[in-house]
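K.L.:
Next comes the structure file upload-v3.pdb, holding PDB, C-alpha atoms, pLDDT in the B column.
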MODEL        1
ATOM      1  CA  MET A   1     -56.255  -7.558  39.837  1.00 67.00           C
ATOM      2  CA  PHE A   2     -57.110  -4.219  41.497  1.00 82.00           C
ATOM      3  CA  VAL A   3     -58.458  -2.752  38.247  1.00 88.00           C
ATOM      4  CA  GLU A   4     -60.705  -5.754  37.615  1.00 93.00           C
ATOM      5  CA  ALA A   5     -62.242  -5.440  41.082  1.00 92.00           C
ATOM      6  CA  LEU A   6     -62.702  -1.703  40.584  1.00 91.00           C
ATOM      7  CA  LYS A   7     -64.430  -2.301  37.242  1.00 94.00           C
ATOM      8  CA  ARG A   8     -66.939  -4.567  38.984  1.00 95.00           C
ATOM      9  CA  GLN A   9     -67.410  -2.632  42.208  1.00 94.00           C
ATOM     10  CA  ASN A  10     -67.153   1.032  41.222  1.00 95.00           C
ATOM     11  CA  PRO A  11     -67.183   1.672  37.453  1.00 96.00           C
ATOM     12  CA  ALA A  12     -68.453   5.218  38.067  1.00 95.00           C
ATOM     13  CA  LEU A  13     -65.145   6.077  39.746  1.00 95.00           C
ATOM     14  CA  ILE A  14     -63.254   4.992  36.630  1.00 95.00           C
ATOM     15  CA  SER A  15     -65.563   7.066  34.429  1.00 96.00           C
ATOM     16  CA  ALA A  16     -65.170  10.113  36.661  1.00 96.00           C
ATOM     17  CA  ALA A  17     -61.372   9.793  36.714  1.00 94.00           C
ATOM     18  CA  LEU A  18     -61.204   9.422  32.943  1.00 95.00           C
ATOM     19  CA  SER A  19     -63.488  12.402  32.415  1.00 97.00           C
ATOM     20  CA  LEU A  20     -61.482  14.609  34.797  1.00 96.00           C
ATOM     21  CA  TRP A  21     -58.240  13.616  33.064  1.00 96.00           C
ATOM     22  CA  GLN A  22     -59.676  14.213  29.573  1.00 96.00           C
ATOM     23  CA  GLN A  23     -60.812  17.686  30.665  1.00 97.00           C
ATOM     24  CA  GLY A  24     -57.308  18.437  31.942  1.00 96.00           C
ATOM     25  CA  LYS A  25     -58.538  18.844  35.522  1.00 97.00           C
ATOM     26  CA  ILE A  26     -56.207  16.179  36.941  1.00 96.00           C
ATOM     27  CA  SER A  27     -52.791  14.884  35.938  1.00 94.00           C
ATOM     28  CA  PRO A  28     -52.200  11.218  35.059  1.00 88.00           C
ATOM     29  CA  ASP A  29     -50.631  10.437  38.453  1.00 87.00           C
ATOM     30  CA  SER A  30     -53.459  11.916  40.546  1.00 88.00           C
ATOM     31  CA  TRP A  31     -55.289  10.086  43.292  1.00 88.00           C
ATOM     32  CA  VAL A  32     -59.028   9.857  42.576  1.00 92.00           C
ATOM     33  CA  ILE A  33     -60.836   8.828  45.728  1.00 92.00           C
ATOM     34  CA  ASP A  34     -64.467   7.865  46.268  1.00 94.00           C
ATOM     35  CA  VAL A  35     -64.776   9.469  49.691  1.00 95.00           C
ATOM     36  CA  ASP A  36     -68.330   8.252  50.275  1.00 96.00           C
ATOM     37  CA  GLN A  37     -67.298   4.649  49.632  1.00 94.00           C
ATOM     38  CA  ILE A  38     -64.205   4.889  51.828  1.00 94.00           C
ATOM     39  CA  LEU A  39     -66.217   6.319  54.701  1.00 97.00           C
ATOM     40  CA  GLU A  40     -68.907   3.662  54.299  1.00 97.00           C
ATOM     41  CA  ASN A  41     -66.287   0.897  54.266  1.00 96.00           C
ATOM     42  CA  GLY A  42     -64.544   2.469  57.252  1.00 97.00           C
ATOM     43  CA  LYS A  43     -67.795   2.590  59.182  1.00 98.00           C
ATOM     44  CA  ARG A  44     -68.529  -1.073  58.428  1.00 98.00           C
ATOM     45  CA  LEU A  45     -65.038  -2.100  59.532  1.00 98.00           C
ATOM     46  CA  ILE A  46     -65.356  -0.174  62.808  1.00 98.00           C
ATOM     47  CA  GLU A  47     -68.789  -1.672  63.522  1.00 98.00           C
ATOM     48  CA  THR A  48     -67.531  -5.210  62.912  1.00 98.00           C
ATOM     49  CA  ALA A  49     -64.350  -4.670  64.936  1.00 98.00           C
ATOM     50  CA  ARG A  50     -66.373  -3.403  67.890  1.00 97.00           C
ATOM     51  CA  LEU A  51     -68.463  -6.571  67.865  1.00 98.00           C
ATOM     52  CA  TYR A  52     -65.269  -8.533  68.505  1.00 98.00           C
ATOM     53  CA  GLY A  53     -63.502  -6.063  70.770  1.00 98.00           C
ATOM     54  CA  ILE A  54     -60.853  -5.219  68.193  1.00 98.00           C
ATOM     55  CA  GLU A  55     -59.205  -1.798  68.007  1.00 97.00           C
ATOM     56  CA  LEU A  56     -58.496  -0.494  64.485  1.00 96.00           C
ATOM     57  CA  TYR A  57     -55.830   1.890  63.168  1.00 96.00           C
ATOM     58  CA  LEU A  58     -55.572   3.703  59.836  1.00 92.00           C
ATOM     59  CA  MET A  59     -52.898   2.962  57.255  1.00 91.00           C
ATOM     60  CA  THR A  60     -52.964   6.307  55.449  1.00 88.00           C
ATOM     61  CA  LYS A  61     -50.571   5.291  52.679  1.00 84.00           C
ATOM     62  CA  GLN A  62     -53.521   3.404  51.194  1.00 81.00           C
ATOM     63  CA  PHE A  63     -55.238   6.670  50.266  1.00 82.00           C
ATOM     64  CA  GLY A  64     -52.400   8.986  49.430  1.00 76.00           C
ATOM     65  CA  ARG A  65     -51.472  10.090  52.943  1.00 85.00           C
ATOM     66  CA  ASN A  66     -54.381  12.511  52.900  1.00 92.00           C
ATOM     67  CA  PRO A  67     -54.851  14.192  56.313  1.00 95.00           C
ATOM     68  CA  TRP A  68     -58.346  15.466  55.451  1.00 96.00           C
ATOM     69  CA  LEU A  69     -59.578  11.926  54.783  1.00 96.00           C
ATOM     70  CA  ALA A  70     -57.645  10.556  57.761  1.00 96.00           C
ATOM     71  CA  GLU A  71     -59.464  13.003  60.026  1.00 97.00           C
ATOM     72  CA  LYS A  72     -62.842  11.871  58.642  1.00 97.00           C
ATOM     73  CA  LEU A  73     -61.969   8.222  59.309  1.00 97.00           C
ATOM     74  CA  LEU A  74     -60.648   8.956  62.795  1.00 97.00           C
ATOM     75  CA  ALA A  75     -64.014  10.544  63.570  1.00 98.00           C
ATOM     76  CA  LEU A  76     -65.608   7.144  62.895  1.00 98.00           C
ATOM     77  CA  GLY A  77     -63.668   5.632  65.784  1.00 97.00           C
ATOM     78  CA  TYR A  78     -60.242   4.555  64.539  1.00 97.00           C
ATOM     79  CA  SER A  79     -57.672   4.673  67.333  1.00 96.00           C
ATOM     80  CA  GLY A  80     -54.871   6.377  65.457  1.00 95.00           C
ATOM     81  CA  ILE A  81     -52.705   6.376  62.371  1.00 95.00           C
ATOM     82  CA  VAL A  82     -49.951   3.981  61.361  1.00 93.00           C
ATOM     83  CA  ALA A  83     -47.369   5.933  59.352  1.00 91.00           C
ATOM     84  CA  VAL A  84     -45.045   3.879  57.178  1.00 87.00           C
ATOM     85  CA  ASP A  85     -42.316   6.510  56.968  1.00 84.00           C
ATOM     86  CA  TYR A  86     -41.204   9.780  58.512  1.00 84.00           C
ATOM     87  CA  LYS A  87     -42.678  11.898  55.691  1.00 86.00           C
ATOM     88  CA  GLU A  88     -46.126  10.454  56.267  1.00 89.00           C
ATOM     89  CA  ALA A  89     -45.800  10.903  60.032  1.00 91.00           C
ATOM     90  CA  ARG A  90     -44.737  14.515  59.519  1.00 92.00           C
ATOM     91  CA  VAL A  91     -47.789  15.255  57.338  1.00 93.00           C
ATOM     92  CA  MET A  92     -50.169  13.697  59.852  1.00 95.00           C
ATOM     93  CA  ARG A  93     -48.583  15.333  62.897  1.00 95.00           C
ATOM     94  CA  ARG A  94     -48.571  18.752  61.222  1.00 96.00           C
ATOM     95  CA  ALA A  95     -52.294  18.264  60.643  1.00 96.00           C
ATOM     96  CA  GLY A  96     -52.688  17.575  64.377  1.00 96.00           C
ATOM     97  CA  LEU A  97     -53.627  13.927  63.883  1.00 96.00           C
ATOM     98  CA  PRO A  98     -52.603  11.089  66.236  1.00 95.00           C
ATOM     99  CA  VAL A  99     -49.772   8.959  64.866  1.00 95.00           C
ATOM    100  CA  ALA A 100     -49.951   5.781  66.934  1.00 94.00           C
ATOM    101  CA  HIS A 101     -47.089   3.952  65.219  1.00 90.00           C
ATOM    102  CA  GLN A 102     -44.334   5.017  62.859  1.00 86.00           C
ATOM    103  CA  GLY A 103     -42.569   2.507  60.674  1.00 80.00           C
ATOM    104  CA  HIS A 104     -39.478   2.751  58.524  1.00 73.00           C
ATOM    105  CA  LEU A 105     -40.119   1.304  55.081  1.00 68.00           C
ATOM    106  CA  VAL A 106     -37.742   3.794  53.478  1.00 64.00           C
ATOM    107  CA  GLN A 107     -34.403   5.328  54.384  1.00 62.00           C
ATOM    108  CA  ILE A 108     -34.126   7.199  57.630  1.00 64.00           C
ATOM    109  CA  PRO A 109     -34.220  11.001  57.312  1.00 63.00           C
ATOM    110  CA  CYS A 110     -31.014  12.973  57.047  1.00 69.00           C
ATOM    111  CA  HIS A 111     -30.162  16.192  58.862  1.00 68.00           C
ATOM    112  CA  PRO A 112     -32.424  19.230  58.091  1.00 70.00           C
ATOM    113  CA  GLY A 113     -29.973  20.734  55.595  1.00 69.00           C
ATOM    114  CA  CYS A 114     -29.905  17.876  53.101  1.00 62.00           C
TER     115      CYS A 114
ENDMDL
END
Would you mind writing the file's structure down as structure tokens?

P.N.:
Amino acid sequence: MFVEALKRQNPALISAALSLWQQGKISPDSWVIDVDQILENGKRLIETARLYGIELYLMTKQFGRNPWLAEKLLALGYSGIVAVDYKEARVMRRAGLPVAHQGHLVQIPCHPGC
């Protein structure tokens, strides 16, 4: 389902990812992100939410828990980050980004020595 939508909406991203992989520049499990498209979509979401008085938060697991991209989206007006686990929250907090909510979709962390 996701691949079919991507084929229709952004075939250039597929071509770029394939080319980078064939050149050995990325590994098969890499995240290939169309930053321009994400920022444009983020801007449109923020604009629409503001029309209705809705506050939006980022779910950074959707783009590989990338603090650089999270910071760009926060600059558009998102209110904070929703982290789904402690590892994601740690990455975002170490980058100095506001974690507004932290979930627990995985096991709780163990003591620092494990």

K.L.:
For a quick check of understanding, using all atoms listed in the file, which of A:Gly96, A:Leu76, A:Val32, A:Val91 has the smallest distance to Phe63 of chain A?

P.N.:
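Between A:Gly96, A:Leu76, A:Val32, A:Val91, the residue approaching Phe63 of chain A most closely is A:Val32.
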
K.L.:
Would you please work out which residue, of A:Leu13, A:Gln23, A:Ser79, A:Leu97, is nearest to Ile54 of chain A when using only C-alpha atoms?

P.N.:
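Closest to Ile54 of chain A of all the choices is A:Ser79.
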
K.L.:
Which residues match the PyMOL selection byres ((chain A and resi 35) around 12) in the file above, as a ChimeraX atom specification?

P.N.:
/A:13,31-34,36-42,63,66,68-70,72-73

K.L.:
For each of A:Ile46, A:Ile14, A:Val99, A:Ile26, take the minimum atom-to-atom distance to Met59 of chain A, counting only C-alpha atoms, then give the residue where this is smallest.

P.N.:
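Checking each of A:Ile46, A:Ile14, A:Val99, A:Ile26 against Met59 of chain A, counting only C-alpha atoms, the winner is A:Val99.
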
K.L.:
Find the distance between atom CA of Leu51 of chain A and atom CA of Tyr78 of chain A and write it in Å to one decimal.

P.N.:
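These atoms are spaced 14.2 Å apart.
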
K.L.:
To one decimal place in Å, what is the distance between atom CA of Gln22 of chain A and atom CA of Arg65 of chain A?

P.N.:
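Here the two named atoms are 25.1 Å from each other.
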
K.L.:
Using atom CA of Val82 of chain A and atom CA of Gln62 of chain A as the two end points, give the distance in Å to one decimal.

P.N.:
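Answer for the atom CA of Val82 of chain A to atom CA of Gln62 of chain A separation: 10.8 Å.
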
K.L.:
Could you write out as JSON the box around segment 10-16 of chain A (axis-aligned, all atoms listed in the file, 8 Å on each side), with centre and edge lengths in Å to one decimal?

P.N.:
{"center_x": -65.9, "center_y": 5.6, "center_z": 37.8, "size_x": 21.2, "size_y": 25.1, "size_z": 22.8}

K.L.:
Counting all atoms listed in the file, which residue out of A:Glu4, A:Asp29, A:Asp85, A:Glu55 sits closest to His101 of chain A?

P.N.:
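Residue with the minimum atom-to-atom distance to His101 of chain A: A:Asp85.
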
K.L.:
Which one of A:Lys25, A:Ala83, A:Gly103, A:Gly77 sits closest to Thr48 of chain A if you count all atoms listed in the file?

P.N.:
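That would be A:Gly77, the residue with the smallest distance to Thr48 of chain A.
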
K.L.:
With all atoms listed in the file as the atoms that count, which of A:Ser30, A:Ala100, A:Val3, A:Ser19 lies nearest to Gly64 of chain A?

P.N.:
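Ranked by minimum distance to Gly64 of chain A, first place goes to A:Ser30.
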